file final_5.cif (mmCIF, N, CA and C atoms)
data_my_file
#
loop_
_atom_site.label_atom_id
_atom_site.label_comp_id
_atom_site.auth_asym_id
_atom_site.auth_seq_id
_atom_site.Cartn_x
_atom_site.Cartn_y
_atom_site.Cartn_z
N MET A 221 0.84 -1.17 0.00
CA MET A 221 0.00 0.00 0.00
C MET A 221 0.89 1.24 0.00
N THR A 222 0.56 2.16 -0.85
CA THR A 222 1.31 3.41 -0.89
C THR A 222 0.40 4.57 -0.52
N VAL A 223 1.05 5.62 -0.08
CA VAL A 223 0.33 6.83 0.32
C VAL A 223 0.69 7.92 -0.68
N ARG A 224 -0.32 8.55 -1.23
CA ARG A 224 -0.12 9.66 -2.14
C ARG A 224 -0.80 10.88 -1.53
N PRO A 225 -0.04 11.95 -1.30
CA PRO A 225 -0.66 13.14 -0.71
C PRO A 225 -1.75 13.71 -1.63
N PRO A 226 -2.69 14.42 -1.05
CA PRO A 226 -3.72 15.05 -1.88
C PRO A 226 -3.10 16.05 -2.85
N ALA A 227 -3.81 16.34 -3.91
CA ALA A 227 -3.32 17.30 -4.91
C ALA A 227 -2.96 18.62 -4.23
N GLY A 228 -1.81 19.13 -4.62
CA GLY A 228 -1.35 20.40 -4.07
C GLY A 228 -0.49 20.26 -2.83
N PHE A 229 -0.40 19.07 -2.26
CA PHE A 229 0.44 18.83 -1.09
C PHE A 229 1.64 17.98 -1.51
N PRO A 230 2.84 18.49 -1.32
CA PRO A 230 4.01 17.70 -1.70
C PRO A 230 4.29 16.61 -0.66
N LEU A 231 5.11 15.66 -1.05
CA LEU A 231 5.57 14.66 -0.08
C LEU A 231 6.39 15.36 1.00
N PRO A 232 6.46 14.79 2.18
CA PRO A 232 7.29 15.41 3.22
C PRO A 232 8.74 15.56 2.76
N GLU A 233 9.38 16.60 3.22
CA GLU A 233 10.77 16.88 2.84
C GLU A 233 11.68 15.69 3.14
N LEU A 234 11.43 15.00 4.25
CA LEU A 234 12.23 13.84 4.62
C LEU A 234 12.20 12.77 3.53
N VAL A 235 11.06 12.53 2.95
CA VAL A 235 10.92 11.53 1.89
C VAL A 235 11.68 11.97 0.65
N LEU A 236 11.55 13.22 0.27
CA LEU A 236 12.24 13.73 -0.91
C LEU A 236 13.75 13.71 -0.74
N VAL A 237 14.22 14.09 0.44
CA VAL A 237 15.66 14.08 0.72
C VAL A 237 16.17 12.64 0.74
N ALA A 238 15.41 11.73 1.35
CA ALA A 238 15.82 10.32 1.39
C ALA A 238 15.95 9.76 -0.02
N ASN A 239 15.02 10.11 -0.89
CA ASN A 239 15.09 9.66 -2.28
C ASN A 239 16.39 10.13 -2.93
N ARG A 240 16.70 11.40 -2.78
CA ARG A 240 17.91 11.97 -3.39
C ARG A 240 19.17 11.36 -2.80
N VAL A 241 19.23 11.23 -1.48
CA VAL A 241 20.43 10.71 -0.82
C VAL A 241 20.66 9.24 -1.18
N LEU A 242 19.61 8.45 -1.21
CA LEU A 242 19.75 7.03 -1.56
C LEU A 242 20.24 6.86 -2.99
N THR A 243 19.73 7.67 -3.90
CA THR A 243 20.20 7.61 -5.28
C THR A 243 21.67 7.99 -5.37
N GLU A 244 22.05 9.05 -4.67
CA GLU A 244 23.46 9.47 -4.67
C GLU A 244 24.36 8.40 -4.05
N GLU A 245 23.92 7.77 -2.97
CA GLU A 245 24.71 6.72 -2.32
C GLU A 245 24.87 5.51 -3.23
N ALA A 246 23.82 5.15 -3.94
CA ALA A 246 23.92 4.01 -4.86
C ALA A 246 24.94 4.29 -5.95
N GLU A 247 24.91 5.49 -6.49
CA GLU A 247 25.88 5.84 -7.53
C GLU A 247 27.30 5.91 -6.97
N ALA A 248 27.45 6.42 -5.74
CA ALA A 248 28.78 6.47 -5.12
C ALA A 248 29.31 5.05 -4.88
N LEU A 249 28.43 4.14 -4.45
CA LEU A 249 28.83 2.75 -4.24
C LEU A 249 29.29 2.13 -5.55
N ARG A 250 28.54 2.36 -6.59
CA ARG A 250 28.90 1.82 -7.90
C ARG A 250 30.24 2.37 -8.38
N THR A 251 30.44 3.66 -8.25
CA THR A 251 31.68 4.30 -8.68
C THR A 251 32.87 3.79 -7.88
N ALA A 252 32.70 3.66 -6.57
CA ALA A 252 33.80 3.19 -5.71
C ALA A 252 34.22 1.78 -6.09
N LEU A 253 33.26 0.91 -6.33
CA LEU A 253 33.61 -0.46 -6.69
C LEU A 253 34.25 -0.52 -8.07
N GLU A 254 33.76 0.27 -9.00
CA GLU A 254 34.37 0.29 -10.33
C GLU A 254 35.82 0.79 -10.24
N ASP A 255 36.06 1.83 -9.43
CA ASP A 255 37.42 2.34 -9.26
C ASP A 255 38.32 1.28 -8.65
N PHE A 256 37.83 0.60 -7.63
CA PHE A 256 38.64 -0.41 -6.97
C PHE A 256 38.91 -1.59 -7.90
N SER A 257 37.88 -2.01 -8.64
CA SER A 257 38.04 -3.21 -9.47
C SER A 257 38.98 -2.98 -10.65
N THR A 258 39.15 -1.74 -11.07
CA THR A 258 40.06 -1.48 -12.19
C THR A 258 41.48 -1.21 -11.72
N ALA A 259 41.66 -0.86 -10.47
CA ALA A 259 43.01 -0.55 -9.96
C ALA A 259 43.11 -0.88 -8.48
N PRO A 260 43.22 -2.19 -8.13
CA PRO A 260 43.36 -2.53 -6.70
C PRO A 260 44.64 -1.94 -6.12
N ARG A 261 44.58 -1.54 -4.89
CA ARG A 261 45.74 -0.94 -4.22
C ARG A 261 46.77 -2.02 -3.89
N PRO A 262 48.06 -1.70 -3.94
CA PRO A 262 49.08 -2.68 -3.57
C PRO A 262 48.87 -3.15 -2.12
N GLY A 263 48.98 -4.45 -1.93
CA GLY A 263 48.84 -5.02 -0.59
C GLY A 263 47.42 -5.27 -0.16
N CYS A 264 46.43 -4.97 -1.02
CA CYS A 264 45.04 -5.20 -0.65
C CYS A 264 44.75 -6.71 -0.66
N PRO A 265 43.70 -7.15 0.02
CA PRO A 265 43.40 -8.59 0.04
C PRO A 265 43.26 -9.22 -1.34
N TRP A 266 42.76 -8.47 -2.32
CA TRP A 266 42.59 -9.01 -3.67
C TRP A 266 43.94 -9.45 -4.24
N THR A 267 44.94 -8.56 -4.18
CA THR A 267 46.25 -8.89 -4.73
C THR A 267 46.95 -9.95 -3.88
N GLN A 268 46.75 -9.92 -2.57
CA GLN A 268 47.34 -10.95 -1.71
C GLN A 268 46.77 -12.32 -2.04
N ASP A 269 45.47 -12.40 -2.28
CA ASP A 269 44.86 -13.68 -2.66
C ASP A 269 45.39 -14.17 -4.00
N ASP A 270 45.50 -13.26 -4.96
CA ASP A 270 46.05 -13.64 -6.27
C ASP A 270 47.46 -14.21 -6.13
N LYS A 271 48.26 -13.55 -5.32
CA LYS A 271 49.64 -13.97 -5.13
C LYS A 271 49.70 -15.34 -4.45
N ALA A 272 48.87 -15.55 -3.45
CA ALA A 272 48.87 -16.82 -2.72
C ALA A 272 48.47 -17.98 -3.63
N VAL A 273 47.55 -17.75 -4.53
CA VAL A 273 47.09 -18.81 -5.43
C VAL A 273 48.13 -19.05 -6.53
N ALA A 274 48.76 -18.00 -7.01
CA ALA A 274 49.72 -18.12 -8.12
C ALA A 274 51.02 -18.80 -7.69
N ASP A 275 51.34 -18.77 -6.41
CA ASP A 275 52.61 -19.32 -5.93
C ASP A 275 52.63 -20.84 -5.85
N HIS A 276 51.50 -21.49 -6.03
CA HIS A 276 51.42 -22.93 -5.86
C HIS A 276 50.94 -23.60 -7.15
N ALA A 277 51.31 -24.85 -7.32
CA ALA A 277 50.84 -25.63 -8.46
C ALA A 277 50.23 -26.92 -7.94
N GLY A 278 49.54 -27.60 -8.80
CA GLY A 278 48.96 -28.88 -8.43
C GLY A 278 47.46 -28.79 -8.23
N PRO A 279 46.84 -29.94 -7.99
CA PRO A 279 45.38 -29.99 -7.88
C PRO A 279 44.84 -29.20 -6.69
N GLU A 280 45.57 -29.19 -5.58
CA GLU A 280 45.11 -28.43 -4.42
C GLU A 280 45.08 -26.94 -4.73
N ALA A 281 46.11 -26.46 -5.41
CA ALA A 281 46.17 -25.04 -5.78
C ALA A 281 45.05 -24.69 -6.77
N GLN A 282 44.77 -25.62 -7.68
CA GLN A 282 43.68 -25.38 -8.62
C GLN A 282 42.34 -25.29 -7.89
N GLY A 283 42.16 -26.13 -6.89
CA GLY A 283 40.94 -26.07 -6.08
C GLY A 283 40.83 -24.76 -5.33
N ARG A 284 41.95 -24.29 -4.79
CA ARG A 284 41.94 -23.00 -4.09
C ARG A 284 41.62 -21.86 -5.06
N ALA A 285 42.18 -21.92 -6.26
CA ALA A 285 41.92 -20.88 -7.25
C ALA A 285 40.44 -20.88 -7.64
N ARG A 286 39.86 -22.07 -7.80
CA ARG A 286 38.44 -22.17 -8.14
C ARG A 286 37.58 -21.61 -7.00
N LEU A 287 37.91 -21.96 -5.78
CA LEU A 287 37.18 -21.44 -4.62
C LEU A 287 37.28 -19.92 -4.55
N LEU A 288 38.46 -19.37 -4.84
CA LEU A 288 38.64 -17.92 -4.86
C LEU A 288 37.76 -17.28 -5.93
N ARG A 289 37.69 -17.89 -7.12
CA ARG A 289 36.83 -17.35 -8.19
C ARG A 289 35.36 -17.37 -7.76
N TYR A 290 34.93 -18.48 -7.15
CA TYR A 290 33.55 -18.57 -6.69
C TYR A 290 33.25 -17.54 -5.60
N THR A 291 34.20 -17.34 -4.71
CA THR A 291 34.02 -16.36 -3.64
C THR A 291 33.90 -14.95 -4.20
N ARG A 292 34.75 -14.63 -5.15
CA ARG A 292 34.69 -13.30 -5.77
C ARG A 292 33.39 -13.12 -6.55
N HIS A 293 32.96 -14.16 -7.23
CA HIS A 293 31.69 -14.08 -7.96
C HIS A 293 30.52 -13.87 -6.99
N GLN A 294 30.53 -14.60 -5.88
CA GLN A 294 29.47 -14.44 -4.88
C GLN A 294 29.47 -13.02 -4.31
N ALA A 295 30.67 -12.49 -4.05
CA ALA A 295 30.77 -11.11 -3.54
C ALA A 295 30.17 -10.12 -4.54
N MET A 296 30.42 -10.34 -5.82
CA MET A 296 29.87 -9.45 -6.84
C MET A 296 28.34 -9.55 -6.88
N LEU A 297 27.80 -10.75 -6.76
CA LEU A 297 26.35 -10.91 -6.73
C LEU A 297 25.74 -10.21 -5.52
N ILE A 298 26.40 -10.31 -4.38
CA ILE A 298 25.91 -9.64 -3.16
C ILE A 298 25.95 -8.12 -3.36
N TYR A 299 27.02 -7.63 -3.96
CA TYR A 299 27.14 -6.20 -4.23
C TYR A 299 26.01 -5.72 -5.14
N VAL A 300 25.76 -6.46 -6.21
CA VAL A 300 24.70 -6.09 -7.14
C VAL A 300 23.35 -6.11 -6.43
N ASN A 301 23.14 -7.07 -5.55
CA ASN A 301 21.92 -7.15 -4.77
C ASN A 301 21.74 -5.88 -3.93
N ALA A 302 22.79 -5.47 -3.24
CA ALA A 302 22.72 -4.26 -2.42
C ALA A 302 22.45 -3.03 -3.29
N TYR A 303 23.16 -2.92 -4.39
CA TYR A 303 23.00 -1.77 -5.29
C TYR A 303 21.57 -1.71 -5.85
N ASP A 304 21.07 -2.84 -6.31
CA ASP A 304 19.73 -2.89 -6.88
C ASP A 304 18.67 -2.51 -5.85
N HIS A 305 18.78 -3.04 -4.64
CA HIS A 305 17.79 -2.73 -3.60
C HIS A 305 17.91 -1.28 -3.13
N LEU A 306 19.13 -0.74 -3.14
CA LEU A 306 19.32 0.66 -2.76
C LEU A 306 18.61 1.58 -3.76
N LEU A 307 18.76 1.30 -5.05
CA LEU A 307 18.07 2.10 -6.06
C LEU A 307 16.56 1.91 -5.97
N THR A 308 16.11 0.69 -5.71
CA THR A 308 14.68 0.43 -5.58
C THR A 308 14.11 1.16 -4.37
N LEU A 309 14.86 1.19 -3.28
CA LEU A 309 14.43 1.92 -2.09
C LEU A 309 14.29 3.41 -2.40
N ALA A 310 15.23 3.96 -3.16
CA ALA A 310 15.13 5.37 -3.54
C ALA A 310 13.89 5.62 -4.39
N ARG A 311 13.62 4.72 -5.31
CA ARG A 311 12.43 4.88 -6.16
C ARG A 311 11.14 4.76 -5.35
N ALA A 312 11.15 3.85 -4.37
CA ALA A 312 9.96 3.66 -3.55
C ALA A 312 9.66 4.88 -2.70
N LEU A 313 10.71 5.58 -2.30
CA LEU A 313 10.52 6.76 -1.45
C LEU A 313 10.41 8.02 -2.32
N GLY A 314 9.27 8.22 -2.86
CA GLY A 314 8.99 9.47 -3.55
C GLY A 314 9.32 9.51 -5.01
N GLY A 315 9.78 8.42 -5.58
CA GLY A 315 10.15 8.42 -6.98
C GLY A 315 8.99 8.74 -7.91
N ASP A 316 7.77 8.39 -7.50
CA ASP A 316 6.60 8.65 -8.35
C ASP A 316 5.58 9.54 -7.65
N GLY A 317 6.03 10.27 -6.63
CA GLY A 317 5.12 11.16 -5.92
C GLY A 317 4.35 10.48 -4.81
N ALA A 318 4.66 9.23 -4.54
CA ALA A 318 4.00 8.49 -3.46
C ALA A 318 5.07 7.88 -2.57
N MET A 319 4.63 7.33 -1.45
CA MET A 319 5.57 6.64 -0.57
C MET A 319 4.88 5.42 0.03
N PRO A 320 5.65 4.35 0.25
CA PRO A 320 5.06 3.13 0.78
C PRO A 320 4.84 3.23 2.29
N LEU A 321 3.92 2.44 2.78
CA LEU A 321 3.71 2.39 4.23
C LEU A 321 4.71 1.47 4.91
N PHE A 322 4.98 0.30 4.31
CA PHE A 322 5.81 -0.69 4.99
C PHE A 322 6.99 -1.21 4.18
N SER A 323 6.90 -1.25 2.87
CA SER A 323 7.92 -1.94 2.08
C SER A 323 9.31 -1.32 2.18
N HIS A 324 9.41 -0.04 2.51
CA HIS A 324 10.73 0.56 2.65
C HIS A 324 11.54 -0.11 3.76
N ALA A 325 10.87 -0.62 4.79
CA ALA A 325 11.59 -1.31 5.87
C ALA A 325 12.20 -2.61 5.36
N SER A 326 11.47 -3.35 4.54
CA SER A 326 12.00 -4.60 3.97
C SER A 326 13.15 -4.33 3.02
N LEU A 327 13.00 -3.32 2.19
CA LEU A 327 14.07 -2.98 1.25
C LEU A 327 15.34 -2.55 1.98
N SER A 328 15.20 -1.74 3.01
CA SER A 328 16.39 -1.28 3.73
C SER A 328 17.07 -2.44 4.46
N ARG A 329 16.29 -3.40 4.94
CA ARG A 329 16.88 -4.57 5.60
C ARG A 329 17.74 -5.36 4.61
N VAL A 330 17.25 -5.55 3.39
CA VAL A 330 18.02 -6.28 2.38
C VAL A 330 19.31 -5.54 2.05
N VAL A 331 19.24 -4.23 1.94
CA VAL A 331 20.44 -3.44 1.65
C VAL A 331 21.46 -3.61 2.78
N ARG A 332 21.01 -3.50 4.01
CA ARG A 332 21.94 -3.64 5.15
C ARG A 332 22.55 -5.04 5.20
N GLU A 333 21.73 -6.07 5.03
CA GLU A 333 22.25 -7.43 5.07
C GLU A 333 23.28 -7.67 3.97
N ALA A 334 22.98 -7.20 2.77
CA ALA A 334 23.93 -7.38 1.67
C ALA A 334 25.22 -6.61 1.91
N ALA A 335 25.11 -5.41 2.45
CA ALA A 335 26.32 -4.62 2.73
C ALA A 335 27.21 -5.32 3.76
N VAL A 336 26.59 -5.90 4.79
CA VAL A 336 27.37 -6.61 5.80
C VAL A 336 28.03 -7.84 5.20
N ARG A 337 27.30 -8.62 4.42
CA ARG A 337 27.89 -9.82 3.80
C ARG A 337 29.01 -9.45 2.83
N PHE A 338 28.81 -8.38 2.08
CA PHE A 338 29.84 -7.94 1.13
C PHE A 338 31.10 -7.50 1.85
N ALA A 339 30.91 -6.78 2.95
CA ALA A 339 32.07 -6.29 3.72
C ALA A 339 32.84 -7.47 4.29
#

call {"tool": "encode", "arguments": {"input": "final_5.cif", "output": "structure tokens"}}
result
Amino acid sequence: MTVRPPAGFPLPELVLVANRVLTEEAEALRTALEDFSTAPRPGCPWTQDDKAVADHAGPEAQGRARLLRYTRHQAMLIYVNAYDHLLTLARALGGDGAMPLFSHASLSRVVREAAVRFA
């Protein structure tokens, strides 16, 4: 259920600001990850993991490399989940001139859970 103010009454300022801030945060999250993924910093866990896998040969090392690929893929899926729900939360809060009664709480929970798992 959504609430739409009567004609001539705008949504509360809090809803409009939340919409803008959530959209900005989603874009900042996307930009930060793109920057990191194109140029990891020396000594970061990403490069340390690459180095640890590259230093070994044999079936065990291949298994570790596969596990690392799966872990990185899962992290990317979690990130996309957080990003998608963050944008959806922004749209739900005033994107069309209305605001939800309850669904924003569910959306924000998914964003928080994904952010924690990604971290």

call {"tool": "closest_residue", "arguments": {"input": "final_5.cif", "among": "A:Ser326, A:Ala318, A:Glu244, A:Leu307", "to": "Pro225 in chain A", "atoms": "only N, CA and C atoms"}}
result
A:Ala318

call {"tool": "select_by_dssp", "arguments": {"input": "final_5.cif", "residues": "chain A", "states": "helix (DSSP H, G or I)", "output": "compact mmCIF listing (two decimals) with N, CA and C atoms, in the frame of the given file"}}
result
# COMPACT_ATOMS: atom_id res chain seq x y z
N GLU A 233 9.38 16.60 3.22
CA GLU A 233 10.77 16.88 2.84
C GLU A 233 11.68 15.69 3.14
N LEU A 234 11.43 15.00 4.25
CA LEU A 234 12.23 13.84 4.62
C LEU A 234 12.20 12.77 3.53
N VAL A 235 11.06 12.53 2.95
CA VAL A 235 10.92 11.53 1.89
C VAL A 235 11.68 11.97 0.65
N LEU A 236 11.55 13.22 0.27
CA LEU A 236 12.24 13.73 -0.91
C LEU A 236 13.75 13.71 -0.74
N VAL A 237 14.22 14.09 0.44
CA VAL A 237 15.66 14.08 0.72
C VAL A 237 16.17 12.64 0.74
N ALA A 238 15.41 11.73 1.35
CA ALA A 238 15.82 10.32 1.39
C ALA A 238 15.95 9.76 -0.02
N ASN A 239 15.02 10.11 -0.89
CA ASN A 239 15.09 9.66 -2.28
C ASN A 239 16.39 10.13 -2.93
N ARG A 240 16.70 11.40 -2.78
CA ARG A 240 17.91 11.97 -3.39
C ARG A 240 19.17 11.36 -2.80
N VAL A 241 19.23 11.23 -1.48
CA VAL A 241 20.43 10.71 -0.82
C VAL A 241 20.66 9.24 -1.18
N LEU A 242 19.61 8.45 -1.21
CA LEU A 242 19.75 7.03 -1.56
C LEU A 242 20.24 6.86 -2.99
N THR A 243 19.73 7.67 -3.90
CA THR A 243 20.20 7.61 -5.28
C THR A 243 21.67 7.99 -5.37
N GLU A 244 22.05 9.05 -4.67
CA GLU A 244 23.46 9.47 -4.67
C GLU A 244 24.36 8.40 -4.05
N GLU A 245 23.92 7.77 -2.97
CA GLU A 245 24.71 6.72 -2.32
C GLU A 245 24.87 5.51 -3.23
N ALA A 246 23.82 5.15 -3.94
CA ALA A 246 23.92 4.01 -4.86
C ALA A 246 24.94 4.29 -5.95
N GLU A 247 24.91 5.49 -6.49
CA GLU A 247 25.88 5.84 -7.53
C GLU A 247 27.30 5.91 -6.97
N ALA A 248 27.45 6.42 -5.74
CA ALA A 248 28.78 6.47 -5.12
C ALA A 248 29.31 5.05 -4.88
N LEU A 249 28.43 4.14 -4.45
CA LEU A 249 28.83 2.75 -4.24
C LEU A 249 29.29 2.13 -5.55
N ARG A 250 28.54 2.36 -6.59
CA ARG A 250 28.90 1.82 -7.90
C ARG A 250 30.24 2.37 -8.38
N THR A 251 30.44 3.66 -8.25
CA THR A 251 31.68 4.30 -8.68
C THR A 251 32.87 3.79 -7.88
N ALA A 252 32.70 3.66 -6.57
CA ALA A 252 33.80 3.19 -5.71
C ALA A 252 34.22 1.78 -6.09
N LEU A 253 33.26 0.91 -6.33
CA LEU A 253 33.61 -0.46 -6.69
C LEU A 253 34.25 -0.52 -8.07
N GLU A 254 33.76 0.27 -9.00
CA GLU A 254 34.37 0.29 -10.33
C GLU A 254 35.82 0.79 -10.24
N ASP A 255 36.06 1.83 -9.43
CA ASP A 255 37.42 2.34 -9.26
C ASP A 255 38.32 1.28 -8.65
N PHE A 256 37.83 0.60 -7.63
CA PHE A 256 38.64 -0.41 -6.97
C PHE A 256 38.91 -1.59 -7.90
N SER A 257 37.88 -2.01 -8.64
CA SER A 257 38.04 -3.21 -9.47
C SER A 257 38.98 -2.98 -10.65
N THR A 258 39.15 -1.74 -11.07
CA THR A 258 40.06 -1.48 -12.19
C THR A 258 41.48 -1.21 -11.72
N PRO A 265 43.70 -7.15 0.02
CA PRO A 265 43.40 -8.59 0.04
C PRO A 265 43.26 -9.22 -1.34
N TRP A 266 42.76 -8.47 -2.32
CA TRP A 266 42.59 -9.01 -3.67
C TRP A 266 43.94 -9.45 -4.24
N THR A 267 44.94 -8.56 -4.18
CA THR A 267 46.25 -8.89 -4.73
C THR A 267 46.95 -9.95 -3.88
N GLN A 268 46.75 -9.92 -2.57
CA GLN A 268 47.34 -10.95 -1.71
C GLN A 268 46.77 -12.32 -2.04
N ASP A 269 45.47 -12.40 -2.28
CA ASP A 269 44.86 -13.68 -2.66
C ASP A 269 45.39 -14.17 -4.00
N ASP A 270 45.50 -13.26 -4.96
CA ASP A 270 46.05 -13.64 -6.27
C ASP A 270 47.46 -14.21 -6.13
N LYS A 271 48.26 -13.55 -5.32
CA LYS A 271 49.64 -13.97 -5.13
C LYS A 271 49.70 -15.34 -4.45
N ALA A 272 48.87 -15.55 -3.45
CA ALA A 272 48.87 -16.82 -2.72
C ALA A 272 48.47 -17.98 -3.63
N VAL A 273 47.55 -17.75 -4.53
CA VAL A 273 47.09 -18.81 -5.43
C VAL A 273 48.13 -19.05 -6.53
N ALA A 274 48.76 -18.00 -7.01
CA ALA A 274 49.72 -18.12 -8.12
C ALA A 274 51.02 -18.80 -7.69
N PRO A 279 46.84 -29.94 -7.99
CA PRO A 279 45.38 -29.99 -7.88
C PRO A 279 44.84 -29.20 -6.69
N GLU A 280 45.57 -29.19 -5.58
CA GLU A 280 45.11 -28.43 -4.42
C GLU A 280 45.08 -26.94 -4.73
N ALA A 281 46.11 -26.46 -5.41
CA ALA A 281 46.17 -25.04 -5.78
C ALA A 281 45.05 -24.69 -6.77
N GLN A 282 44.77 -25.62 -7.68
CA GLN A 282 43.68 -25.38 -8.62
C GLN A 282 42.34 -25.29 -7.89
N GLY A 283 42.16 -26.13 -6.89
CA GLY A 283 40.94 -26.07 -6.08
C GLY A 283 40.83 -24.76 -5.33
N ARG A 284 41.95 -24.29 -4.79
CA ARG A 284 41.94 -23.00 -4.09
C ARG A 284 41.62 -21.86 -5.06
N ALA A 285 42.18 -21.92 -6.26
CA ALA A 285 41.92 -20.88 -7.25
C ALA A 285 40.44 -20.88 -7.64
N ARG A 286 39.86 -22.07 -7.80
CA ARG A 286 38.44 -22.17 -8.14
C ARG A 286 37.58 -21.61 -7.00
N LEU A 287 37.91 -21.96 -5.78
CA LEU A 287 37.18 -21.44 -4.62
C LEU A 287 37.28 -19.92 -4.55
N LEU A 288 38.46 -19.37 -4.84
CA LEU A 288 38.64 -17.92 -4.86
C LEU A 288 37.76 -17.28 -5.93
N ARG A 289 37.69 -17.89 -7.12
CA ARG A 289 36.83 -17.35 -8.19
C ARG A 289 35.36 -17.37 -7.76
N TYR A 290 34.93 -18.48 -7.15
CA TYR A 290 33.55 -18.57 -6.69
C TYR A 290 33.25 -17.54 -5.60
N THR A 291 34.20 -17.34 -4.71
CA THR A 291 34.02 -16.36 -3.64
C THR A 291 33.90 -14.95 -4.20
N ARG A 292 34.75 -14.63 -5.15
CA ARG A 292 34.69 -13.30 -5.77
C ARG A 292 33.39 -13.12 -6.55
N HIS A 293 32.96 -14.16 -7.23
CA HIS A 293 31.69 -14.08 -7.96
C HIS A 293 30.52 -13.87 -6.99
N GLN A 294 30.53 -14.60 -5.88
CA GLN A 294 29.47 -14.44 -4.88
C GLN A 294 29.47 -13.02 -4.31
N ALA A 295 30.67 -12.49 -4.05
CA ALA A 295 30.77 -11.11 -3.54
C ALA A 295 30.17 -10.12 -4.54
N MET A 296 30.42 -10.34 -5.82
CA MET A 296 29.87 -9.45 -6.84
C MET A 296 28.34 -9.55 -6.88
N LEU A 297 27.80 -10.75 -6.76
CA LEU A 297 26.35 -10.91 -6.73
C LEU A 297 25.74 -10.21 -5.52
N ILE A 298 26.40 -10.31 -4.38
CA ILE A 298 25.91 -9.64 -3.16
C ILE A 298 25.95 -8.12 -3.36
N TYR A 299 27.02 -7.63 -3.96
CA TYR A 299 27.14 -6.20 -4.23
C TYR A 299 26.01 -5.72 -5.14
N VAL A 300 25.76 -6.46 -6.21
CA VAL A 300 24.70 -6.09 -7.14
C VAL A 300 23.35 -6.11 -6.43
N ASN A 301 23.14 -7.07 -5.55
CA ASN A 301 21.92 -7.15 -4.77
C ASN A 301 21.74 -5.88 -3.93
N ALA A 302 22.79 -5.47 -3.24
CA ALA A 302 22.72 -4.26 -2.42
C ALA A 302 22.45 -3.03 -3.29
N TYR A 303 23.16 -2.92 -4.39
CA TYR A 303 23.00 -1.77 -5.29
C TYR A 303 21.57 -1.71 -5.85
N ASP A 304 21.07 -2.84 -6.31
CA ASP A 304 19.73 -2.89 -6.88
C ASP A 304 18.67 -2.51 -5.85
N HIS A 305 18.78 -3.04 -4.64
CA HIS A 305 17.79 -2.73 -3.60
C HIS A 305 17.91 -1.28 -3.13
N LEU A 306 19.13 -0.74 -3.14
CA LEU A 306 19.32 0.66 -2.76
C LEU A 306 18.61 1.58 -3.76
N LEU A 307 18.76 1.30 -5.05
CA LEU A 307 18.07 2.10 -6.06
C LEU A 307 16.56 1.91 -5.97
N THR A 308 16.11 0.69 -5.71
CA THR A 308 14.68 0.43 -5.58
C THR A 308 14.11 1.16 -4.37
N LEU A 309 14.86 1.19 -3.28
CA LEU A 309 14.43 1.92 -2.09
C LEU A 309 14.29 3.41 -2.40
N ALA A 310 15.23 3.96 -3.16
CA ALA A 310 15.13 5.37 -3.54
C ALA A 310 13.89 5.62 -4.39
N ARG A 311 13.62 4.72 -5.31
CA ARG A 311 12.43 4.88 -6.16
C ARG A 311 11.14 4.76 -5.35
N ALA A 312 11.15 3.85 -4.37
CA ALA A 312 9.96 3.66 -3.55
C ALA A 312 9.66 4.88 -2.70
N SER A 323 6.90 -1.25 2.87
CA SER A 323 7.92 -1.94 2.08
C SER A 323 9.31 -1.32 2.18
N HIS A 324 9.41 -0.04 2.51
CA HIS A 324 10.73 0.56 2.65
C HIS A 324 11.54 -0.11 3.76
N ALA A 325 10.87 -0.62 4.79
CA ALA A 325 11.59 -1.31 5.87
C ALA A 325 12.20 -2.61 5.36
N SER A 326 11.47 -3.35 4.54
CA SER A 326 12.00 -4.60 3.97
C SER A 326 13.15 -4.33 3.02
N LEU A 327 13.00 -3.32 2.19
CA LEU A 327 14.07 -2.98 1.25
C LEU A 327 15.34 -2.55 1.98
N SER A 328 15.20 -1.74 3.01
CA SER A 328 16.39 -1.28 3.73
C SER A 328 17.07 -2.44 4.46
N ARG A 329 16.29 -3.40 4.94
CA ARG A 329 16.88 -4.57 5.60
C ARG A 329 17.74 -5.36 4.61
N VAL A 330 17.25 -5.55 3.39
CA VAL A 330 18.02 -6.28 2.38
C VAL A 330 19.31 -5.54 2.05
N VAL A 331 19.24 -4.23 1.94
CA VAL A 331 20.44 -3.44 1.65
C VAL A 331 21.46 -3.61 2.78
N ARG A 332 21.01 -3.50 4.01
CA ARG A 332 21.94 -3.64 5.15
C ARG A 332 22.55 -5.04 5.20
N GLU A 333 21.73 -6.07 5.03
CA GLU A 333 22.25 -7.43 5.07
C GLU A 333 23.28 -7.67 3.97
N ALA A 334 22.98 -7.20 2.77
CA ALA A 334 23.93 -7.38 1.67
C ALA A 334 25.22 -6.61 1.91
N ALA A 335 25.11 -5.41 2.45
CA ALA A 335 26.32 -4.62 2.73
C ALA A 335 27.21 -5.32 3.76
N VAL A 336 26.59 -5.90 4.79
CA VAL A 336 27.37 -6.61 5.80
C VAL A 336 28.03 -7.84 5.20
N ARG A 337 27.30 -8.62 4.42
CA ARG A 337 27.89 -9.82 3.80
C ARG A 337 29.01 -9.45 2.83
N PHE A 338 28.81 -8.38 2.08
CA PHE A 338 29.84 -7.94 1.13
C PHE A 338 31.10 -7.50 1.85

call {"tool": "residues_around", "arguments": {"input": "final_5.cif", "residues": "range 245-256 of chain A", "least_positions_apart": "4", "cutoff": "12 Å", "atoms": "only C-alpha atoms", "output": "PyMOL selection string"}}
result
chain A and resi 238-241+260-262+264-267+295-296+299-311+331+335+338

call {"tool": "atom_distance", "arguments": {"input": "final_5.cif", "atom1": "atom N of Glu233 in chain A", "atom2": "atom C of Arg332 in chain A"}}
result
25.4 Å

call {"tool": "atom_distance", "arguments": {"input": "final_5.cif", "atom1": "CA of Arg286 in chain A", "atom2": "atom C of Ile298 in chain A"}}
result
19.4 Å

call {"tool": "atom_distance", "arguments": {"input": "final_5.cif", "atom1": "CA of Leu242 in chain A", "atom2": "CA of Thr291 in chain A"}}
result
27.5 Å

call {"tool": "select_by_dssp", "arguments": {"input": "final_5.cif", "residues": "chain A", "states": "strand (DSSP E or B)", "output": "PyMOL selection string"}}
result
chain A and resi 222-223+319-320

call {"tool": "axis_aligned_box", "arguments": {"input": "final_5.cif", "around": "range 264-279 of chain A", "padding_each_side": "6 Å", "output": "JSON"}}
result
{"center_x": 47.6, "center_y": -17.5, "center_z": -4.4, "size_x": 22.0, "size_y": 37.0, "size_z": 20.8}
